[in-house]
Every structure is written in structure tokens, then in C-alpha cells.
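Data file: input_1.pdb. Format and content: PDB, C-alpha atoms.
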ATOM      1  CA  MET A   1      43.071   9.270  76.261
ATOM      2  CA  LEU A   2      45.802   6.666  76.435
ATOM      3  CA  SER A   3      49.396   7.616  75.808
ATOM      4  CA  GLY A   4      50.076   7.768  72.097
ATOM      5  CA  PHE A   5      53.682   6.741  72.743
ATOM      6  CA  PHE A   6      52.594   3.629  74.633
ATOM      7  CA  CYS A   7      50.080   2.519  72.042
ATOM      8  CA  LEU A   8      52.216   3.255  68.995
ATOM      9  CA  SER A   9      54.697   0.769  70.411
ATOM     10  CA  LEU A  10      52.030  -1.906  69.813
ATOM     11  CA  GLN A  11      51.661  -1.032  66.139
ATOM     12  CA  THR A  12      54.142  -3.629  64.952
ATOM     13  CA  ASP A  13      52.085  -6.354  66.653
ATOM     14  CA  MET A  14      48.974  -5.561  64.614
ATOM     15  CA  LYS A  15      48.977  -7.922  61.656
ATOM     16  CA  GLN A  16      45.314  -7.634  60.695
ATOM     17  CA  MET A  17      42.656  -5.089  59.931
ATOM     18  CA  ILE A  18      40.368  -3.962  62.733
ATOM     19  CA  THR A  19      36.652  -3.605  61.975
ATOM     20  CA  ILE A  20      34.396  -1.444  64.134
ATOM     21  CA  LEU A  21      30.685  -1.896  63.477
ATOM     22  CA  GLY A  22      27.457  -1.057  65.245
ATOM     23  CA  PRO A  23      24.057   0.569  64.787
ATOM     24  CA  THR A  24      23.559   4.239  64.084
ATOM     25  CA  ALA A  25      24.192   6.506  67.105
ATOM     26  CA  SER A  26      26.436   3.951  68.828
ATOM     27  CA  GLY A  27      29.576   6.135  68.609
ATOM     28  CA  LYS A  28      31.519   4.030  66.077
ATOM     29  CA  THR A  29      33.337   6.893  64.368
ATOM     30  CA  PRO A  30      34.772   8.627  67.478
ATOM     31  CA  LEU A  31      35.951   5.226  68.704
ATOM     32  CA  ALA A  32      37.582   4.385  65.367
ATOM     33  CA  ALA A  33      39.276   7.802  65.294
ATOM     34  CA  ALA A  34      40.583   7.438  68.852
ATOM     35  CA  LEU A  35      41.910   3.971  68.047
ATOM     36  CA  ALA A  36      43.461   5.144  64.766
ATOM     37  CA  TYR A  37      45.218   7.968  66.608
ATOM     38  CA  GLU A  38      46.662   5.568  69.169
ATOM     39  CA  ILE A  39      48.038   3.046  66.645
ATOM     40  CA  GLY A  40      48.779   5.353  63.714
ATOM     41  CA  GLY A  41      45.997   3.727  61.666
ATOM     42  CA  GLU A  42      43.708   4.973  58.907
ATOM     43  CA  ILE A  43      39.933   4.583  58.616
ATOM     44  CA  ILE A  44      38.061   3.052  55.681
ATOM     45  CA  SER A  45      34.387   4.039  55.823
ATOM     46  CA  ALA A  46      31.727   1.354  55.412
ATOM     47  CA  ASP A  47      28.717   3.619  54.923
ATOM     48  CA  SER A  48      26.649   3.377  51.751
ATOM     49  CA  ARG A  49      25.618   7.053  51.771
ATOM     50  CA  GLN A  50      28.682   8.892  53.044
ATOM     51  CA  VAL A  51      30.323   8.282  49.666
ATOM     52  CA  TYR A  52      28.290  11.230  48.286
ATOM     53  CA  ARG A  53      29.692  14.755  48.250
ATOM     54  CA  ARG A  54      27.589  17.574  49.761
ATOM     55  CA  MET A  55      25.340  15.035  51.489
ATOM     56  CA  ASP A  56      26.857  15.768  54.881
ATOM     57  CA  ILE A  57      24.242  16.431  57.545
ATOM     58  CA  GLY A  58      21.700  13.869  56.339
ATOM     59  CA  THR A  59      24.280  11.082  56.140
ATOM     60  CA  GLY A  60      25.744  11.977  59.527
ATOM     61  CA  LYS A  61      29.316  12.303  58.307
ATOM     62  CA  ASP A  62      30.275  14.254  61.431
ATOM     63  CA  LEU A  63      33.725  14.872  59.979
ATOM     64  CA  ALA A  64      34.740  16.623  63.202
ATOM     65  CA  ASP A  65      34.801  13.161  64.776
ATOM     66  CA  TYR A  66      37.949  12.389  62.782
ATOM     67  CA  THR A  67      39.815  15.128  64.652
ATOM     68  CA  VAL A  68      40.989  13.701  67.955
ATOM     69  CA  GLN A  69      40.004  16.176  70.646
ATOM     70  CA  GLY A  70      42.902  17.548  72.634
ATOM     71  CA  ALA A  71      45.436  16.422  70.035
ATOM     72  CA  GLY A  72      44.269  18.533  67.094
ATOM     73  CA  PHE A  73      45.096  15.568  64.840
ATOM     74  CA  ARG A  74      42.918  14.703  61.831
ATOM     75  CA  VAL A  75      42.852  10.935  61.333
ATOM     76  CA  PRO A  76      43.128   9.995  57.631
ATOM     77  CA  TYR A  77      39.922   8.486  56.211
ATOM     78  CA  HIS A  78      38.929   6.867  52.920
ATOM     79  CA  LEU A  79      35.726   6.293  50.866
ATOM     80  CA  ILE A  80      33.948   9.445  52.023
ATOM     81  CA  ASP A  81      33.017  12.139  49.462
ATOM     82  CA  ILE A  82      34.065  10.066  46.455
ATOM     83  CA  CYS A  83      31.087  10.476  44.091
ATOM     84  CA  GLU A  84      28.397  12.945  43.105
ATOM     85  CA  PRO A  85      24.825  13.050  44.443
ATOM     86  CA  GLY A  86      22.293  11.629  42.020
ATOM     87  CA  THR A  87      24.509   8.687  41.076
ATOM     88  CA  LYS A  88      23.758   5.139  42.205
ATOM     89  CA  TYR A  89      26.805   3.881  44.064
ATOM     90  CA  ASN A  90      26.602   0.137  44.666
ATOM     91  CA  LEU A  91      28.167  -2.838  46.409
ATOM     92  CA  PHE A  92      30.288  -3.856  43.413
ATOM     93  CA  GLN A  93      31.835  -0.380  43.250
ATOM     94  CA  TYR A  94      32.388  -0.382  47.000
ATOM     95  CA  GLN A  95      34.308  -3.641  46.820
ATOM     96  CA  GLN A  96      36.637  -2.226  44.180
ATOM     97  CA  ASP A  97      37.139   1.049  46.069
ATOM     98  CA  PHE A  98      37.665  -0.765  49.369
ATOM     99  CA  PHE A  99      40.403  -2.995  47.995
ATOM    100  CA  ASP A 100      42.163  -0.021  46.398
ATOM    101  CA  ALA A 101      42.186   1.800  49.748
ATOM    102  CA  TYR A 102      43.039  -1.337  51.723
ATOM    103  CA  HIS A 103      46.060  -2.240  49.601
ATOM    104  CA  ASP A 104      47.265   1.373  49.627
ATOM    105  CA  ILE A 105      47.116   1.474  53.430
ATOM    106  CA  ILE A 106      48.753  -1.882  54.141
ATOM    107  CA  GLY A 107      51.325  -1.170  51.416
ATOM    108  CA  ARG A 108      52.532   1.719  53.581
ATOM    109  CA  GLY A 109      52.762  -0.505  56.654
ATOM    110  CA  VAL A 110      49.725   1.109  58.289
ATOM    111  CA  THR A 111      46.833  -0.655  60.050
ATOM    112  CA  PRO A 112      43.463  -0.174  58.292
ATOM    113  CA  ILE A 113      40.356   0.295  60.454
ATOM    114  CA  LEU A 114      37.095  -0.505  58.682
ATOM    115  CA  CYS A 115      34.301   1.470  60.346
ATOM    116  CA  GLY A 116      30.612   1.761  59.549
ATOM    117  CA  GLY A 117      27.081   0.517  59.876
ATOM    118  CA  THR A 118      26.317  -0.835  56.393
ATOM    119  CA  GLY A 119      26.459  -4.514  57.239
ATOM    120  CA  LEU A 120      26.246  -5.712  53.644
ATOM    121  CA  TYR A 121      29.314  -3.679  52.670
ATOM    122  CA  ILE A 122      31.264  -4.930  55.678
ATOM    123  CA  GLU A 123      30.346  -8.555  55.124
ATOM    124  CA  ALA A 124      31.067  -8.376  51.394
ATOM    125  CA  VAL A 125      34.668  -7.249  51.860
ATOM    126  CA  LEU A 126      35.412  -9.455  54.872
ATOM    127  CA  LYS A 127      34.044 -12.558  53.175
ATOM    128  CA  GLY A 128      35.285 -11.665  49.688
ATOM    129  CA  TYR A 129      31.957 -11.785  47.844
ATOM    130  CA  GLN A 130      32.384 -12.607  44.149
ATOM    131  CA  LEU A 131      30.300  -9.925  42.442
ATOM    132  CA  SER A 132      29.912  -8.464  38.986
ATOM    133  CA  PRO A 133      28.482  -5.156  37.754
ATOM    134  CA  VAL A 134      24.751  -5.512  37.074
ATOM    135  CA  PRO A 135      23.289  -3.564  34.123
ATOM    136  CA  GLN A 136      19.811  -2.047  34.203
ATOM    137  CA  ASN A 137      16.989  -4.169  32.803
ATOM    138  CA  PRO A 138      14.419  -1.800  31.204
ATOM    139  CA  GLU A 139      11.965  -4.627  30.465
ATOM    140  CA  LEU A 140      12.004  -5.814  34.073
ATOM    141  CA  ARG A 141      11.665  -2.256  35.377
ATOM    142  CA  GLN A 142       8.644  -1.646  33.160
ATOM    143  CA  ARG A 143       7.071  -4.882  34.366
ATOM    144  CA  LEU A 144       7.572  -3.920  38.026
ATOM    145  CA  GLU A 145       6.378  -0.328  37.644
ATOM    146  CA  GLY A 146       3.265   0.363  39.715
ATOM    147  CA  LYS A 147       3.757  -2.497  42.149
ATOM    148  CA  SER A 148       3.633  -1.670  45.866
ATOM    149  CA  LEU A 149       6.642  -1.880  48.150
ATOM    150  CA  GLU A 150       5.025  -4.872  49.872
ATOM    151  CA  GLU A 151       4.627  -6.721  46.557
ATOM    152  CA  LEU A 152       8.192  -5.920  45.528
ATOM    153  CA  THR A 153       9.547  -7.026  48.905
ATOM    154  CA  GLN A 154       7.777 -10.383  48.601
ATOM    155  CA  MET A 155       9.234 -10.868  45.113
ATOM    156  CA  LEU A 156      12.681 -10.095  46.498
ATOM    157  CA  VAL A 157      12.258 -12.597  49.351
ATOM    158  CA  GLU A 158      11.371 -15.335  46.834
ATOM    159  CA  LEU A 159      14.306 -14.459  44.569
ATOM    160  CA  LYS A 160      16.721 -14.487  47.507
ATOM    161  CA  ALA A 161      15.471 -17.947  48.469
ATOM    162  CA  ARG A 162      16.106 -19.222  44.925
ATOM    163  CA  ASN A 163      19.576 -17.640  44.851
ATOM    164  CA  GLY A 164      20.520 -18.639  48.389
ATOM    165  CA  SER A 165      21.388 -14.953  48.735
ATOM    166  CA  THR A 166      22.169 -13.005  51.911
ATOM    167  CA  MET A 167      22.114  -9.705  50.035
ATOM    168  CA  HIS A 168      19.461  -7.005  50.320
ATOM    169  CA  ASN A 169      17.881  -7.095  53.742
ATOM    170  CA  LYS A 170      15.122  -4.604  54.556
ATOM    171  CA  THR A 171      17.733  -1.937  55.264
ATOM    172  CA  ASP A 172      18.283  -1.760  51.507
ATOM    173  CA  VAL A 173      14.680  -1.757  50.278
ATOM    174  CA  ASP A 174      12.880   1.084  52.046
ATOM    175  CA  SER A 175      11.535   2.512  48.774
ATOM    176  CA  CYS A 176      10.083   1.033  45.580
ATOM    177  CA  GLN A 177      13.042   2.293  43.545
ATOM    178  CA  ARG A 178      15.552   0.547  45.785
ATOM    179  CA  ALA A 179      13.464  -2.631  45.869
ATOM    180  CA  ILE A 180      13.297  -2.727  42.068
ATOM    181  CA  ARG A 181      17.081  -2.343  41.848
ATOM    182  CA  ALA A 182      17.521  -5.159  44.379
ATOM    183  CA  ILE A 183      15.216  -7.414  42.329
ATOM    184  CA  GLU A 184      17.164  -6.453  39.194
ATOM    185  CA  ILE A 185      20.415  -7.563  40.848
ATOM    186  CA  GLU A 186      18.970 -10.828  42.163
ATOM    187  CA  GLU A 187      17.419 -11.623  38.757
ATOM    188  CA  TYR A 188      20.744 -10.956  37.048
ATOM    189  CA  ASN A 189      22.646 -13.143  39.494
ATOM    190  CA  LEU A 190      20.064 -15.923  39.093
ATOM    191  CA  HIS A 191      20.588 -16.176  35.337
ATOM    192  CA  THR A 192      24.145 -14.905  34.831
ATOM    193  CA  PRO A 193      27.286 -16.773  35.963
ATOM    194  CA  THR A 194      29.404 -14.512  38.153
ATOM    195  CA  PRO A 195      32.961 -14.112  36.828
ATOM    196  CA  LYS A 196      35.611 -15.093  39.355
ATOM    197  CA  ARG A 197      37.934 -12.348  40.531
ATOM    198  CA  GLU A 198      40.770 -12.265  43.024
ATOM    199  CA  LEU A 199      38.965 -10.687  45.971
ATOM    200  CA  PRO A 200      40.091 -12.804  48.906
ATOM    201  CA  PRO A 201      38.477 -12.735  52.358
ATOM    202  CA  ILE A 202      40.057 -10.241  54.756
ATOM    203  CA  ASP A 203      41.287 -11.372  58.163
ATOM    204  CA  SER A 204      39.964  -8.848  60.671
ATOM    205  CA  LEU A 205      39.414  -8.407  64.366
ATOM    206  CA  ILE A 206      35.736  -7.391  64.505
ATOM    207  CA  ILE A 207      34.566  -5.075  67.278
ATOM    208  CA  GLY A 208      30.858  -4.428  67.783
ATOM    209  CA  VAL A 209      29.755  -1.300  69.629
ATOM    210  CA  ASP A 210      26.788  -2.312  71.747
ATOM    211  CA  ILE A 211      24.479   0.440  72.966
ATOM    212  CA  ASP A 212      21.481  -0.063  75.226
ATOM    213  CA  ARG A 213      18.208   0.187  73.287
ATOM    214  CA  GLU A 214      16.809   3.061  75.338
ATOM    215  CA  ALA A 215      20.110   4.977  75.240
ATOM    216  CA  ARG A 216      20.218   4.461  71.479
ATOM    217  CA  ARG A 217      16.662   5.722  71.025
ATOM    218  CA  GLU A 218      17.341   8.822  73.124
ATOM    219  CA  LYS A 219      20.522   9.584  71.181
ATOM    220  CA  ILE A 220      18.807   9.086  67.811
ATOM    221  CA  THR A 221      16.061  11.552  68.716
ATOM    222  CA  ARG A 222      18.555  14.089  70.052
ATOM    223  CA  ARG A 223      20.735  13.790  66.944
ATOM    224  CA  LEU A 224      17.756  14.177  64.618
ATOM    225  CA  LYS A 225      16.704  17.418  66.322
ATOM    226  CA  ALA A 226      20.293  18.700  66.175
ATOM    227  CA  ARG A 227      20.688  17.887  62.482
ATOM    228  CA  LEU A 228      17.473  19.659  61.586
ATOM    229  CA  GLU A 229      18.697  22.700  63.520
ATOM    230  CA  GLU A 230      22.067  22.477  61.740
ATOM    231  CA  GLY A 231      20.415  22.865  58.343
ATOM    232  CA  MET A 232      19.489  19.410  57.061
ATOM    233  CA  ILE A 233      16.439  20.773  55.230
ATOM    234  CA  ASP A 234      18.534  23.470  53.556
ATOM    235  CA  GLU A 235      21.049  20.789  52.552
ATOM    236  CA  VAL A 236      18.336  18.850  50.713
ATOM    237  CA  LYS A 237      16.955  22.041  49.147
ATOM    238  CA  GLY A 238      20.458  22.835  47.907
ATOM    239  CA  LEU A 239      20.777  19.413  46.284
ATOM    240  CA  MET A 240      17.416  19.880  44.565
ATOM    241  CA  ALA A 241      18.523  23.334  43.394
ATOM    242  CA  GLU A 242      21.508  21.648  41.709
ATOM    243  CA  GLY A 243      19.010  19.754  39.574
ATOM    244  CA  ILE A 244      18.996  16.444  41.427
ATOM    245  CA  PRO A 245      15.489  14.987  40.957
ATOM    246  CA  ALA A 246      13.340  14.405  44.021
ATOM    247  CA  GLU A 247      13.024  10.706  43.181
ATOM    248  CA  ASP A 248      16.813  10.333  43.263
ATOM    249  CA  LEU A 249      16.964  11.885  46.724
ATOM    250  CA  ILE A 250      14.099   9.686  47.905
ATOM    251  CA  TYR A 251      16.125   6.705  46.631
ATOM    252  CA  TYR A 252      18.760   7.384  49.294
ATOM    253  CA  GLY A 253      16.175   6.741  52.004
ATOM    254  CA  LEU A 254      15.806   7.903  55.610
ATOM    255  CA  GLU A 255      16.630  11.625  56.005
ATOM    256  CA  TYR A 256      16.674  12.331  52.274
ATOM    257  CA  LYS A 257      13.425  10.480  51.656
ATOM    258  CA  PHE A 258      11.374  12.173  54.365
ATOM    259  CA  VAL A 259      12.897  15.642  54.074
ATOM    260  CA  THR A 260      12.316  15.587  50.296
ATOM    261  CA  GLU A 261       8.694  14.589  50.866
ATOM    262  CA  TYR A 262       8.374  17.524  53.290
ATOM    263  CA  ILE A 263       9.939  19.982  50.832
ATOM    264  CA  THR A 264       7.679  18.784  47.998
ATOM    265  CA  GLY A 265       4.574  19.215  50.175
ATOM    266  CA  GLN A 266       3.763  15.540  50.701
ATOM    267  CA  LEU A 267       4.311  15.776  54.472
ATOM    268  CA  THR A 268       3.925  18.451  57.116
ATOM    269  CA  TYR A 269       6.973  19.245  59.259
ATOM    270  CA  ASP A 270       5.559  17.314  62.220
ATOM    271  CA  GLU A 271       4.718  14.319  60.008
ATOM    272  CA  MET A 272       8.209  14.416  58.527
ATOM    273  CA  PHE A 273       9.870  14.487  61.945
ATOM    274  CA  SER A 274       7.679  11.743  63.401
ATOM    275  CA  ARG A 275       8.006   9.355  60.449
ATOM    276  CA  LEU A 276      11.730   9.964  60.100
ATOM    277  CA  GLU A 277      12.330   9.378  63.795
ATOM    278  CA  ILE A 278      10.458   6.062  63.618
ATOM    279  CA  ALA A 279      12.304   5.083  60.429
ATOM    280  CA  ILE A 280      15.730   5.712  61.988
ATOM    281  CA  HIS A 281      14.811   3.654  65.065
ATOM    282  CA  GLN A 282      13.680   0.828  62.767
ATOM    283  CA  PHE A 283      16.860   1.180  60.711
ATOM    284  CA  ALA A 284      19.041   0.796  63.819
ATOM    285  CA  LYS A 285      17.115  -2.325  64.787
ATOM    286  CA  ARG A 286      17.622  -3.802  61.309
ATOM    287  CA  GLN A 287      21.334  -3.044  61.496
ATOM    288  CA  MET A 288      21.578  -5.061  64.704
ATOM    289  CA  THR A 289      19.611  -7.879  63.054
ATOM    290  CA  TRP A 290      22.177  -7.936  60.236
ATOM    291  CA  PHE A 291      25.120  -8.019  62.651
ATOM    292  CA  ARG A 292      23.550 -10.871  64.636
ATOM    293  CA  GLY A 293      23.079 -12.628  61.306
ATOM    294  CA  MET A 294      26.780 -12.200  60.597
ATOM    295  CA  GLU A 295      27.510 -14.037  63.833
ATOM    296  CA  ARG A 296      25.239 -16.895  62.734
ATOM    297  CA  ARG A 297      27.107 -16.942  59.421
ATOM    298  CA  GLY A 298      30.403 -17.584  61.167
ATOM    299  CA  PHE A 299      31.823 -14.144  62.045
ATOM    300  CA  THR A 300      33.131 -13.571  65.568
ATOM    301  CA  ILE A 301      32.134 -10.112  66.808
ATOM    302  CA  HIS A 302      33.606  -8.893  70.090
ATOM    303  CA  TRP A 303      30.962  -6.606  71.616
ATOM    304  CA  ILE A 304      31.976  -3.724  73.875
ATOM    305  CA  ASN A 305      29.757  -1.347  75.825
ATOM    306  CA  ALA A 306      29.270   1.957  73.989
ATOM    307  CA  LEU A 307      28.729   3.851  77.255
ATOM    308  CA  GLN A 308      32.160   3.082  78.703
ATOM    309  CA  PRO A 309      34.767   5.878  78.783
ATOM    310  CA  MET A 310      36.637   6.165  75.481
ATOM    311  CA  GLU A 311      40.015   5.229  76.921
ATOM    312  CA  GLU A 312      38.568   2.013  78.361
ATOM    313  CA  LYS A 313      37.068   1.028  74.999
ATOM    314  CA  VAL A 314      40.349   1.730  73.193
ATOM    315  CA  ALA A 315      42.292  -0.241  75.824
ATOM    316  CA  GLN A 316      39.975  -3.254  75.365
ATOM    317  CA  ILE A 317      40.501  -3.244  71.612
ATOM    318  CA  LEU A 318      44.273  -2.894  71.944
ATOM    319  CA  LYS A 319      44.359  -5.844  74.321
ATOM    320  CA  MET A 320      42.387  -8.011  71.878
ATOM    321  CA  ALA A 321      44.556  -6.878  68.952
ATOM    322  CA  GLN A 322      47.847  -7.950  70.508
TER     323      GLN A 322
END

For this file, write the structure as C-alpha cells.
Amino acid sequence: MLSGFFCLSLQTDMKQMITILGPTASGKTPLAAALAYEIGGEIISADSRQVYRRMDIGTGKDLADYTVQGAGFRVPYHLIDICEPGTKYNLFQYQQDFFDAYHDIIGRGVTPILCGGTGLYIEAVLKGYQLSPVPQNPELRQRLEGKSLEELTQMLVELKARNGSTMHNKTDVDSCQRAIRAIEIEEYNLHTPTPKRELPPIDSLIIGVDIDREARREKITRRLKARLEEGMIDEVKGLMAEGIPAEDLIYYGLEYKFVTEYITGQLTYDEMFSRLEIAIHQFAKRQMTWFRGMERRGFTIHWINALQPMEEKVAQILKMAQ
């Protein structure tokens, strides 16, 4: 680890937020924590599922990553564990919560570090999307009930084309319930003028953590096995015991979708593991597709090798941030 004294001397030169993005299993959080420790910064999470309390193992919070090893220092973080399971947190709410945290951090003269893999959330706050809260549309939901995920996805593609929308890539529509909500939002935005609000774009140095495809696949599989051993199934059972309906857990996708289907007898353990492993690999690929899309949409992402030693990665970022 670099000298904290040396790096803290650079803090006054950092006039902008630093964003660290990358696919799942790329090591974003440990890197953000190491960087935050060196510059006295604070982390704002950009993960659409880590906002939920008691959804720890399945969302991969890995809160131990925020404690810098060897220093015993817990880096301050924001937008983790801020709402209850069973609720439907959304992009509009994230924007509001992000700006609250962002202004609090910079108001104290501290450098914010935005870190996560939910590309839509990251892009929305960096670009300053003008959004509005979208109410449920019972008539539309009734009309869409019974349609397949493929049919719903095609409807969403057509709506996005009419709206000129970059929202809702396949990362967001891996279940019928999520696809219907995405269609609901696109329909609302198509017919309802969006009220203007003061949510300006954020100037940020954007760092992408690039991990070799095979290394990423190996790490994903290893992490999945570890999380199952750590009690991921018991975590989902506990949420169901609280009264959270299975369909709400399935809505959250990935681990919660497949583990819930295993618990409710729709999948065997081996089927659950195999399908979940494939789904996470596909998810990581879609994340990278989103980030490459951000570059086409005008964002400059500085990619660094995930497999380098931590101190080398931190040093690269500090050099770019000066």
C-alpha cells in the first residue's frame, strides 16, 4: 500500500469525483476502498441491489472490503442498506439519494468516489438524466399479464426506439416483472412531459477495471461457490420467513431469482447452481456492453488491468487525478 501521508498531500489537487466501474468480480470495491483510504475520500455505491438491508450475501456487499487491510480503517460508504427488502427501489430514487450524498461529501471538502457495476445508475448521475417518478399503470399491467419475457422484451425494444431511450438494457429485464416495469416507465415517458429539475451533469474521472474474460469467469464461479457455503440459501429463506413474497425476491434477479426457485421446488440444487452461474456470466458480459456503450455515448473511461498489484492500480489513478 502506498504511503497515506504521501497520497493525502494530493487531496487538495482533486477537484472532481472519481468513478470506478467494471463488471462483477473485477475487484472494484477493494480498489475504491484503497483509493479512498489514500486520499481521505468516501465511497458512494452505484449498485441497484445493495441498497436493500439484510440482502448481503446475494448482492455481494462484501462489507469487509471497506476495511483497509493492515490499517484497520473502515472507509465511509453511502447508499448501502438504505431501504427494506420487498420494496422497489428505482433510478429516480437513486438520483435523489446520490445527489444528497454527493453534496454532503463535497460540502465537507472530501472527494467522493462513485463505485459500482450498475451502468444505468452511473450514467444517469454523471450525465444528469432528467427523470420523474413513474406511477404504476394497473391497466397496462393487466394487458401485459401472461406475455412471455421474449414478447415483453420486443415491446420494450420498440418503445425505446420511439423514445430514443438508452434506459433498460437486458441487465434490467431478466424477469417478466422487471420487463413490465420497464415498459411501464417507457410508456409513461413517451406520453408524459418530464419536469425539469436542477440535476446537473457531474464532472468525474472515470476508471474502468478491466479483467480478462477467463479470469473473470473463474472468479465468478469461485465466488458463487463461496457465497453458497457462506449461507446464501439461508439468507433467502430468512427473507421469505419475514413475509417477503417469492415473486418479489425473483424480481431482484440473479441470486435471489434462482435461489428462490430452488427453495420453492422449481429447481434442483444442481439446476439452480448451473443456471445461476450462467446467468452471472451473462450479466457480467452485459455490464461490459453497457460500459462500451457509454464510451460510444461520449464518456472517456480509463481502463486499468484488474490483475495488477493494488498499489500499482492506486498509483495509476492518483497520477491521472492530479

Could you spell out the hits of the PyMOL selection byres ((chain A and resi 67) around 12) on the shown file, as a PyMOL selection string? chain A and resi 29-37+62-66+68-77

Selection file, C-alpha atoms, as a PDB file, in the frame of the given file:
ATOM      1  CA  THR A  29      33.337   6.893  64.368  1.00  0.00           C
ATOM      2  CA  PRO A  30      34.772   8.627  67.478  1.00  0.00           C
ATOM      3  CA  LEU A  31      35.951   5.226  68.704  1.00  0.00           C
ATOM      4  CA  ALA A  32      37.582   4.385  65.367  1.00  0.00           C
ATOM      5  CA  ALA A  33      39.276   7.802  65.294  1.00  0.00           C
ATOM      6  CA  ALA A  34      40.583   7.438  68.852  1.00  0.00           C
ATOM      7  CA  LEU A  35      41.910   3.971  68.047  1.00  0.00           C
ATOM      8  CA  ALA A  36      43.461   5.144  64.766  1.00  0.00           C
ATOM      9  CA  TYR A  37      45.218   7.968  66.608  1.00  0.00           C
ATOM     10  CA  ASP A  62      30.275  14.254  61.431  1.00  0.00           C
ATOM     11  CA  LEU A  63      33.725  14.872  59.979  1.00  0.00           C
ATOM     12  CA  ALA A  64      34.740  16.623  63.202  1.00  0.00           C
ATOM     13  CA  ASP A  65      34.801  13.161  64.776  1.00  0.00           C
ATOM     14  CA  TYR A  66      37.949  12.389  62.782  1.00  0.00           C
ATOM     15  CA  VAL A  68      40.989  13.701  67.955  1.00  0.00           C
ATOM     16  CA  GLN A  69      40.004  16.176  70.646  1.00  0.00           C
ATOM     17  CA  GLY A  70      42.902  17.548  72.634  1.00  0.00           C
ATOM     18  CA  ALA A  71      45.436  16.422  70.035  1.00  0.00           C
ATOM     19  CA  GLY A  72      44.269  18.533  67.094  1.00  0.00           C
ATOM     20  CA  PHE A  73      45.096  15.568  64.840  1.00  0.00           C
ATOM     21  CA  ARG A  74      42.918  14.703  61.831  1.00  0.00           C
ATOM     22  CA  VAL A  75      42.852  10.935  61.333  1.00  0.00           C
ATOM     23  CA  PRO A  76      43.128   9.995  57.631  1.00  0.00           C
ATOM     24  CA  TYR A  77      39.922   8.486  56.211  1.00  0.00           C
TER      25      TYR A  77
END

Give the answer as one residue: which of A:Glu145, A:Glu218, A:Glu312, A:Glu38 has the shortest atom-to-atom distance to His281 (chain A), using all atoms listed in the file?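 Distance minimum relative to His281 (chain A) lands on A:Glu218.
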
With the PyMOL selection byres ((chain A and resi 176) around 10) as the selection, what would be picked from this file? Answer as a VMD selection string, please. chain A and resid 144 to 153 173 to 175 177 to 182 250 to 251

Out of A:Lys127, A:Arg143, A:Lys28, A:Arg222, which residue has the shortest atom-to-atom distance to Phe299 (chain A) when counting all atoms listed in the file? A:Lys127

Counting all atoms listed in the file, which residue out of A:Ile185, A:Ala315, A:Leu120, A:Val259 sits closest to Val134 (chain A)?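 Closest to Val134 (chain A) of all the choices is A:Ile185.
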
Hey, what comes out of the PyMOL selection byres ((chain A and resi 282) around 12) on this file? Could you write it as an MDAnalysis selection string? chainID A and resid 23:24 170:171 174 213 216:217 220 254 275:281 283:289

Can you pull out every residue within 9 Å of region 207-210 of chain A, counting only C-alpha atoms, but drop anything in the same chain fewer than 3 positions away, and send it as a PyMOL selection string? chain A and resi 18-23+26-28+291+300-307+317

CA of Asp203 (chain A) to CA of Leu126 (chain A) measures 7.0 Å

Between A:Tyr52, A:Asp97, A:Ser204, A:Gly58, which is the closest to Thr260 (chain A) once you count all atoms listed in the file?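 Between A:Tyr52, A:Asp97, A:Ser204, A:Gly58, the residue approaching Thr260 (chain A) most closely is A:Gly58.
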
What is the CA of Leu140 (chain A) to CA of Lys160 (chain A) distance in Å?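 Separating CA of Leu140 (chain A) from CA of Lys160 (chain A) is a distance of 16.7 Å.
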
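Computed from the coordinates, the CA of Gln322 (chain A) to CA of Thr111 (chain A) distance equals 12.8 Å.
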
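Using only C-alpha atoms, the shortest contact distance between Glu186 (chain A) and any of A:Ser45, A:Gln93, A:Asn163, A:Thr59 is found at A:Asn163.
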
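Nearest residue to Lys237 (chain A), choosing from A:Leu249, A:Ile43, A:Ile206, A:Leu114 and counting all atoms listed in the file: A:Leu249.
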
Could you list, as an MDAnalysis selection string, every residue within 10 Å of Glu235 (chain A), counting only C-alpha atoms and ignoring same-chain residues fewer than 6 positions away? chainID A and resid 54:58 228 241 256 259

Determine the axis-aligned bounding box of all atoms of region 152-157 of chain A present in the file, pad each side by 8 Å, and express its centre and edge lengths in Å to one decimal place as JSON.
{"center_x": 10.2, "center_y": -9.3, "center_z": 47.2, "size_x": 20.9, "size_y": 22.7, "size_z": 20.2}
